[in-house]
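Participant: File query_0.cif below, mmCIF, N, CA and C atoms:
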data_target
#
loop_
_atom_site.label_atom_id
_atom_site.label_comp_id
_atom_site.auth_asym_id
_atom_site.auth_seq_id
_atom_site.Cartn_x
_atom_site.Cartn_y
_atom_site.Cartn_z
N MET T 1 132.84 92.19 71.71
CA MET T 1 132.56 93.51 72.23
C MET T 1 133.33 93.67 73.54
N ARG T 2 133.96 94.82 73.69
CA ARG T 2 134.76 95.09 74.89
C ARG T 2 134.09 96.19 75.72
N PHE T 3 133.62 95.83 76.89
CA PHE T 3 133.00 96.80 77.79
C PHE T 3 134.04 97.40 78.72
N GLU T 4 133.87 98.67 79.01
CA GLU T 4 134.76 99.37 79.94
C GLU T 4 133.93 99.96 81.07
N GLN T 5 134.54 100.04 82.25
CA GLN T 5 133.90 100.68 83.39
C GLN T 5 133.86 102.19 83.15
N GLN T 6 132.68 102.76 83.16
CA GLN T 6 132.50 104.19 82.96
C GLN T 6 131.49 104.70 83.98
N GLN T 7 131.23 105.99 83.94
CA GLN T 7 130.19 106.56 84.78
C GLN T 7 129.21 107.33 83.92
N ARG T 8 127.95 107.30 84.36
CA ARG T 8 126.92 108.11 83.71
C ARG T 8 126.48 109.17 84.70
N LEU T 9 126.62 110.41 84.27
CA LEU T 9 126.18 111.56 85.04
C LEU T 9 124.88 112.03 84.40
N ARG T 10 123.81 112.09 85.20
CA ARG T 10 122.53 112.57 84.70
C ARG T 10 122.16 113.84 85.42
N ILE T 11 121.71 114.81 84.64
CA ILE T 11 121.32 116.11 85.17
C ILE T 11 119.86 116.34 84.77
N TYR T 12 119.00 116.49 85.75
CA TYR T 12 117.58 116.74 85.53
C TYR T 12 117.33 118.22 85.82
N MET T 13 116.71 118.91 84.87
CA MET T 13 116.42 120.34 85.08
C MET T 13 115.28 120.78 84.19
N SER T 14 114.86 122.01 84.38
CA SER T 14 113.82 122.61 83.56
C SER T 14 114.40 123.08 82.23
N GLU T 15 113.62 122.92 81.17
CA GLU T 15 114.07 123.44 79.88
C GLU T 15 114.13 124.96 79.90
N GLN T 16 113.47 125.59 80.87
CA GLN T 16 113.44 127.04 80.98
C GLN T 16 114.68 127.62 81.66
N ALA T 17 115.50 126.76 82.28
CA ALA T 17 116.71 127.24 82.96
C ALA T 17 117.64 127.87 81.92
N LYS T 18 118.16 129.03 82.27
CA LYS T 18 119.01 129.79 81.33
C LYS T 18 120.40 130.00 81.91
N TYR T 19 121.35 130.16 81.00
CA TYR T 19 122.69 130.62 81.34
C TYR T 19 122.92 131.80 80.42
N GLY T 20 122.82 133.00 80.95
CA GLY T 20 122.81 134.18 80.10
C GLY T 20 121.49 134.19 79.35
N HIS T 21 121.57 134.25 78.01
CA HIS T 21 120.35 134.30 77.21
C HIS T 21 120.05 133.00 76.49
N ARG T 22 120.80 131.95 76.80
CA ARG T 22 120.55 130.68 76.11
C ARG T 22 120.18 129.59 77.10
N PRO T 23 119.55 128.52 76.62
CA PRO T 23 119.18 127.44 77.53
C PRO T 23 120.41 126.86 78.23
N LEU T 24 120.27 126.62 79.52
CA LEU T 24 121.38 126.07 80.31
C LEU T 24 121.80 124.71 79.79
N TYR T 25 120.84 123.89 79.36
CA TYR T 25 121.21 122.55 78.87
C TYR T 25 122.12 122.64 77.64
N GLU T 26 121.90 123.62 76.76
CA GLU T 26 122.78 123.80 75.60
C GLU T 26 124.18 124.19 76.05
N HIS T 27 124.24 125.11 77.01
CA HIS T 27 125.53 125.56 77.51
C HIS T 27 126.28 124.41 78.19
N LEU T 28 125.57 123.59 78.96
CA LEU T 28 126.21 122.45 79.63
C LEU T 28 126.78 121.46 78.62
N VAL T 29 126.05 121.19 77.55
CA VAL T 29 126.55 120.27 76.53
C VAL T 29 127.79 120.85 75.84
N ASP T 30 127.76 122.13 75.52
CA ASP T 30 128.93 122.78 74.92
C ASP T 30 130.14 122.70 75.85
N GLU T 31 129.91 122.95 77.14
CA GLU T 31 131.01 122.90 78.12
C GLU T 31 131.52 121.47 78.29
N ALA T 32 130.63 120.49 78.27
CA ALA T 32 131.06 119.09 78.38
C ALA T 32 131.94 118.72 77.18
N ARG T 33 131.55 119.17 76.01
CA ARG T 33 132.36 118.90 74.80
C ARG T 33 133.73 119.56 74.90
N SER T 34 133.73 120.82 75.31
CA SER T 34 135.01 121.54 75.47
C SER T 34 135.89 120.89 76.53
N HIS T 35 135.26 120.33 77.54
CA HIS T 35 135.97 119.67 78.64
C HIS T 35 136.55 118.32 78.21
N GLY T 36 136.09 117.80 77.07
CA GLY T 36 136.59 116.52 76.58
C GLY T 36 135.75 115.32 77.00
N ILE T 37 134.55 115.56 77.51
CA ILE T 37 133.66 114.46 77.88
C ILE T 37 133.34 113.64 76.63
N ALA T 38 133.31 112.32 76.76
CA ALA T 38 133.15 111.43 75.61
C ALA T 38 131.81 111.56 74.91
N GLY T 39 130.74 111.86 75.64
CA GLY T 39 129.45 111.96 74.99
C GLY T 39 128.41 112.61 75.87
N ALA T 40 127.45 113.28 75.24
CA ALA T 40 126.36 113.92 75.96
C ALA T 40 125.11 113.86 75.09
N THR T 41 123.97 113.62 75.72
CA THR T 41 122.68 113.60 75.03
C THR T 41 121.67 114.32 75.90
N VAL T 42 120.80 115.11 75.28
CA VAL T 42 119.73 115.80 76.00
C VAL T 42 118.41 115.16 75.59
N PHE T 43 117.62 114.78 76.59
CA PHE T 43 116.29 114.23 76.39
C PHE T 43 115.27 115.21 76.94
N LYS T 44 114.19 115.42 76.19
CA LYS T 44 113.12 116.30 76.67
C LYS T 44 111.97 115.43 77.15
N GLY T 45 111.50 115.69 78.36
CA GLY T 45 110.42 114.92 78.94
C GLY T 45 109.06 115.37 78.44
N VAL T 46 108.11 114.44 78.46
CA VAL T 46 106.75 114.77 78.06
C VAL T 46 105.80 114.82 79.25
N LEU T 47 106.23 114.31 80.39
CA LEU T 47 105.41 114.33 81.59
C LEU T 47 106.33 114.17 82.79
N SER T 48 106.14 115.04 83.79
CA SER T 48 107.01 114.95 84.96
C SER T 48 106.38 115.65 86.15
N PHE T 49 106.94 115.39 87.31
CA PHE T 49 106.71 116.21 88.49
C PHE T 49 107.98 116.13 89.31
N GLY T 50 108.22 117.16 90.10
CA GLY T 50 109.42 117.21 90.90
C GLY T 50 109.09 117.49 92.35
N MET T 51 110.03 118.13 93.04
CA MET T 51 109.88 118.37 94.47
C MET T 51 108.64 119.20 94.80
N SER T 52 108.24 120.08 93.88
CA SER T 52 107.06 120.93 94.15
C SER T 52 105.76 120.13 94.05
N GLY T 53 105.80 118.98 93.38
CA GLY T 53 104.61 118.18 93.18
C GLY T 53 103.79 118.62 91.98
N LYS T 54 104.15 119.73 91.35
CA LYS T 54 103.42 120.23 90.18
C LYS T 54 103.70 119.35 88.97
N VAL T 55 102.63 118.97 88.27
CA VAL T 55 102.78 118.12 87.08
C VAL T 55 103.01 119.00 85.86
N HIS T 56 104.00 118.61 85.06
CA HIS T 56 104.32 119.30 83.80
C HIS T 56 104.03 118.30 82.69
N THR T 57 103.32 118.74 81.65
CA THR T 57 102.94 117.82 80.59
C THR T 57 103.07 118.48 79.22
N ALA T 58 103.21 117.63 78.21
CA ALA T 58 103.29 118.11 76.83
C ALA T 58 101.97 117.90 76.09
N LYS T 59 100.90 117.57 76.82
CA LYS T 59 99.59 117.41 76.18
C LYS T 59 99.12 118.77 75.63
N ILE T 60 98.53 118.74 74.46
CA ILE T 60 98.13 119.97 73.77
C ILE T 60 97.22 120.85 74.64
N LEU T 61 96.22 120.27 75.29
CA LEU T 61 95.28 121.07 76.07
C LEU T 61 95.86 121.53 77.41
N GLU T 62 96.95 120.94 77.83
CA GLU T 62 97.56 121.29 79.11
C GLU T 62 99.02 121.66 78.93
N LEU T 63 99.35 122.27 77.82
CA LEU T 63 100.74 122.51 77.46
C LEU T 63 101.49 123.31 78.51
N SER T 64 102.57 122.75 78.99
CA SER T 64 103.41 123.40 79.98
C SER T 64 104.60 124.04 79.29
N PRO T 65 104.91 125.27 79.63
CA PRO T 65 106.10 125.90 79.05
C PRO T 65 107.36 125.49 79.80
N ASP T 66 107.23 124.60 80.76
CA ASP T 66 108.35 124.27 81.64
C ASP T 66 108.55 122.76 81.73
N LEU T 67 108.83 122.13 80.60
CA LEU T 67 109.04 120.68 80.58
C LEU T 67 110.45 120.35 81.07
N PRO T 68 110.63 119.11 81.53
CA PRO T 68 111.95 118.71 82.02
C PRO T 68 112.88 118.34 80.87
N VAL T 69 114.16 118.50 81.12
CA VAL T 69 115.18 117.94 80.24
C VAL T 69 116.12 117.12 81.12
N VAL T 70 116.66 116.07 80.51
CA VAL T 70 117.65 115.23 81.17
C VAL T 70 118.88 115.23 80.29
N ILE T 71 120.02 115.55 80.87
CA ILE T 71 121.28 115.54 80.15
C ILE T 71 122.06 114.33 80.64
N ASP T 72 122.42 113.44 79.72
CA ASP T 72 123.21 112.25 80.02
C ASP T 72 124.63 112.46 79.54
N LEU T 73 125.58 112.29 80.44
CA LEU T 73 126.99 112.34 80.09
C LEU T 73 127.62 111.01 80.47
N ILE T 74 128.43 110.44 79.60
CA ILE T 74 129.11 109.19 79.91
C ILE T 74 130.59 109.35 79.60
N ASP T 75 131.42 108.98 80.59
CA ASP T 75 132.87 109.01 80.42
C ASP T 75 133.52 108.27 81.58
N SER T 76 134.82 108.35 81.64
CA SER T 76 135.57 107.69 82.71
C SER T 76 135.28 108.38 84.04
N PRO T 77 135.43 107.67 85.14
CA PRO T 77 135.23 108.30 86.45
C PRO T 77 136.08 109.56 86.65
N ASP T 78 137.31 109.55 86.17
CA ASP T 78 138.18 110.73 86.32
C ASP T 78 137.65 111.94 85.55
N MET T 79 137.19 111.69 84.32
CA MET T 79 136.66 112.80 83.51
C MET T 79 135.37 113.35 84.12
N ILE T 80 134.51 112.47 84.57
CA ILE T 80 133.26 112.93 85.19
C ILE T 80 133.57 113.72 86.46
N ALA T 81 134.48 113.20 87.29
CA ALA T 81 134.84 113.90 88.54
C ALA T 81 135.40 115.28 88.26
N SER T 82 136.19 115.41 87.20
CA SER T 82 136.78 116.72 86.89
C SER T 82 135.75 117.69 86.33
N PHE T 83 134.63 117.18 85.80
CA PHE T 83 133.57 118.03 85.25
C PHE T 83 132.60 118.52 86.33
N LEU T 84 132.48 117.80 87.44
CA LEU T 84 131.49 118.13 88.47
C LEU T 84 131.61 119.55 89.03
N PRO T 85 132.81 120.07 89.34
CA PRO T 85 132.88 121.44 89.84
C PRO T 85 132.37 122.47 88.82
N LEU T 86 132.66 122.24 87.54
CA LEU T 86 132.18 123.14 86.49
C LEU T 86 130.66 123.06 86.40
N LEU T 87 130.12 121.87 86.46
CA LEU T 87 128.67 121.69 86.44
C LEU T 87 128.01 122.47 87.58
N GLU T 88 128.55 122.32 88.78
CA GLU T 88 127.98 123.02 89.94
C GLU T 88 128.03 124.53 89.76
N THR T 89 129.13 125.03 89.24
CA THR T 89 129.28 126.47 89.00
C THR T 89 128.27 126.97 87.97
N LEU T 90 128.12 126.24 86.87
CA LEU T 90 127.21 126.67 85.80
C LEU T 90 125.76 126.67 86.26
N VAL T 91 125.36 125.64 87.00
CA VAL T 91 123.98 125.58 87.49
C VAL T 91 123.75 126.70 88.51
N THR T 92 124.70 126.91 89.40
CA THR T 92 124.58 127.96 90.42
C THR T 92 124.56 129.34 89.76
N ASP T 93 125.49 129.59 88.83
CA ASP T 93 125.54 130.89 88.15
C ASP T 93 124.28 131.14 87.32
N GLY T 94 123.68 130.07 86.80
CA GLY T 94 122.45 130.21 86.04
C GLY T 94 121.22 130.31 86.93
N ARG T 95 121.44 130.30 88.24
CA ARG T 95 120.36 130.36 89.23
C ARG T 95 119.27 129.34 88.93
N ALA T 96 119.71 128.13 88.57
CA ALA T 96 118.78 127.05 88.24
C ALA T 96 118.77 126.03 89.38
N ASP T 97 117.81 125.14 89.31
CA ASP T 97 117.76 123.99 90.18
C ASP T 97 118.01 122.76 89.32
N ALA T 98 118.76 121.83 89.84
CA ALA T 98 119.02 120.60 89.10
C ALA T 98 119.13 119.44 90.08
N ARG T 99 118.71 118.29 89.63
CA ARG T 99 118.94 117.04 90.36
C ARG T 99 120.01 116.31 89.57
N VAL T 100 121.06 115.86 90.25
CA VAL T 100 122.19 115.22 89.59
C VAL T 100 122.35 113.81 90.15
N THR T 101 122.47 112.84 89.25
CA THR T 101 122.72 111.46 89.68
C THR T 101 124.00 110.97 89.02
N LEU T 102 124.63 110.02 89.68
CA LEU T 102 125.88 109.45 89.18
C LEU T 102 125.82 107.95 89.39
N GLU T 103 126.12 107.19 88.35
CA GLU T 103 126.10 105.74 88.48
C GLU T 103 127.20 105.10 87.65
N GLU T 104 127.63 103.95 88.13
CA GLU T 104 128.62 103.15 87.41
C GLU T 104 127.90 102.41 86.29
N VAL T 105 128.50 102.41 85.10
CA VAL T 105 127.94 101.68 83.96
C VAL T 105 129.06 100.96 83.22
N LEU T 106 128.69 99.92 82.51
CA LEU T 106 129.61 99.28 81.58
C LEU T 106 129.24 99.80 80.20
N SER T 107 130.23 100.23 79.45
CA SER T 107 129.98 100.87 78.16
C SER T 107 130.88 100.28 77.09
N ALA T 108 130.32 100.09 75.89
CA ALA T 108 131.09 99.60 74.75
C ALA T 108 130.66 100.40 73.52
N VAL T 109 131.60 100.65 72.65
CA VAL T 109 131.30 101.29 71.37
C VAL T 109 131.15 100.16 70.35
N VAL T 110 130.05 100.16 69.61
CA VAL T 110 129.77 99.10 68.63
C VAL T 110 129.65 99.74 67.26
N GLY T 111 130.22 99.11 66.26
CA GLY T 111 130.01 99.55 64.89
C GLY T 111 131.13 100.36 64.28
N ARG T 112 132.12 100.71 65.07
CA ARG T 112 133.28 101.41 64.51
C ARG T 112 134.49 101.11 65.38
N PRO T 113 135.66 101.14 64.79
CA PRO T 113 136.86 100.86 65.59
C PRO T 113 137.06 101.91 66.67
N THR T 114 137.50 101.49 67.84
CA THR T 114 137.82 102.44 68.90
C THR T 114 139.29 102.84 68.77
N THR T 115 139.57 104.05 69.19
CA THR T 115 140.95 104.55 69.10
C THR T 115 141.50 104.80 70.47
#
Please re-express this file's structure in structure tokens.
Facilitator:
Amino acid sequence: MRFEQQQRLRIYMSEQAKYGHRPLYEHLVDEARSHGIAGATVFKGVLSFGMSGKVHTAKILELSPDLPVVIDLIDSPDMIASFLPLLETLVTDGRADARVTLEEVLSAVVGRPTT
């Protein structure tokens, strides 16, 4: 297995954040794909709290319409760096709040030949 130095960009936001009439997380994934980012995954949280301290949960009796989503993007440092200005613009234009983290990771593709 051959590992390569990559970066993981994580974006934490509300599932209610919109860009136009569609969820911002969907738009961000589409833009990442168009930008040539190697991969993106969206995770939906079942329990969270943020800067406001308000707890959001997916429990039936306490159902929150505002659960968190986390978007994971992994690619080379250059590709991630070139995507950051677009990310900032999309979040700002969508009038959303997001927490963004960036970390170095080692990444390998397993199970199929790499090109």
Participant: Run DSSP on the backbone and give me the residues of chain T it puts in strand (DSSP E or B), as number ranges by chain.
Facilitator: T: 4-14, 18-19, 22-23, 39-44, 47-49, 55-57, 68-75, 98-107
Participant: Name the residues in contact with T:Phe83 at a cut-off of 12 Å, using only C-alpha atoms, excluding same-chain residues fewer than 5 positions from it; report them as a list in words.
Facilitator: Gln7, Leu9, Leu28, Val29, Glu31, Ala32, Arg33, Ser34, His35, Gly36, Ile37, Ala38, Leu73, Ile74, Asp75, Ser76, Pro77, Asp78, Glu88, Thr89 and Leu90 of chain T
Participant: So how far away is atom N of T:Leu84 from atom CA of T:Lys44, in Å?
Facilitator: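 These atoms are spaced 22.2 Å apart.
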Participant: Within 8 Å of (110.6, 113.4, 79.1), only N, CA and C atoms: residues as JSON, numbers by chain?
Facilitator: {"T": [43, 44, 45, 46, 47, 48, 67, 68, 69, 70]}
Participant: Padding 5 Å on every side, please: axis-aligned box over the listed atoms of stretch 22-39 of chain T, centre and edge lengths to one decimal in Å, as lines of an AutoDock Vina configuration file.
Facilitator:
center_x = 127.9
center_y = 121.7
center_z = 77.6
size_x = 27.4
size_y = 30.5
size_z = 15.5
Participant: Leaving out T:Ser107 and any residue of its chain fewer than 4 positions from it, which residues lie within 6.5 Å of it when counting only N, CA and C atoms, given as a PDB file with N, CA and C atoms, in the coordinates of the input?
Facilitator:
ATOM      1  N   ARG T   2     133.960  94.820  73.690  1.00  0.00           N
ATOM      2  CA  ARG T   2     134.760  95.090  74.890  1.00  0.00           C
ATOM      3  C   ARG T   2     134.090  96.190  75.720  1.00  0.00           C
ATOM      4  N   PHE T   3     133.620  95.830  76.890  1.00  0.00           N
ATOM      5  CA  PHE T   3     133.000  96.800  77.790  1.00  0.00           C
ATOM      6  C   PHE T   3     134.040  97.400  78.720  1.00  0.00           C
ATOM      7  N   GLU T   4     133.870  98.670  79.010  1.00  0.00           N
ATOM      8  CA  GLU T   4     134.760  99.370  79.940  1.00  0.00           C
ATOM      9  C   GLU T   4     133.930  99.960  81.070  1.00  0.00           C
ATOM     10  N   GLN T   5     134.540 100.040  82.250  1.00  0.00           N
ATOM     11  CA  GLN T   5     133.900 100.680  83.390  1.00  0.00           C
ATOM     12  C   GLN T   5     133.860 102.190  83.150  1.00  0.00           C
ATOM     13  N   GLN T   6     132.680 102.760  83.160  1.00  0.00           N
ATOM     14  CA  GLN T   6     132.500 104.190  82.960  1.00  0.00           C
ATOM     15  C   GLN T   6     131.490 104.700  83.980  1.00  0.00           C
TER      16      GLN T   6
END
Participant: For the atom pair atom N of T:Tyr19 and atom C of T:Gly94, what is the interatomic distance in Å to one decimal place?
Facilitator: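 Atom-to-atom, atom N of T:Tyr19 to atom C of T:Gly94, that is 5.9 Å.
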Participant: As an exercise, work out the distance from atom N of T:Thr101 to atom N of T:Met1 in Å and give it to one decimal place.
Facilitator: 29.0 Å
Participant: Taking into account only N, CA and C atoms, which residue in the set T:Ala81, T:Val109, T:Val42, T:Met13 is nearest to T:Asp97?
Facilitator: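 Among T:Ala81, T:Val109, T:Val42, T:Met13, it is T:Met13 that comes nearest to T:Asp97.
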Participant: Fewer than 3 positions away in the same chain doesn't count, so skip those; otherwise give me all residues within 9 Å of T:Lys18, counting only C-alpha atoms, as a ChimeraX atom specification.
Facilitator: /T:15,21-25,27,91,94-96
Participant: With only C-alpha atoms as the basis for distance, which of T:Leu86, T:Ala40, T:Leu102, T:Met79 is at the shortest distance from T:Arg10?
Facilitator: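 Checking each of T:Leu86, T:Ala40, T:Leu102, T:Met79 against T:Arg10, counting only C-alpha atoms, the winner is T:Leu102.
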Participant: From the options T:Pro85, T:Thr41, T:Arg99, T:Asp30, which residue's atoms come nearest to T:Tyr12, counting only N, CA and C atoms?
Facilitator: T:Arg99
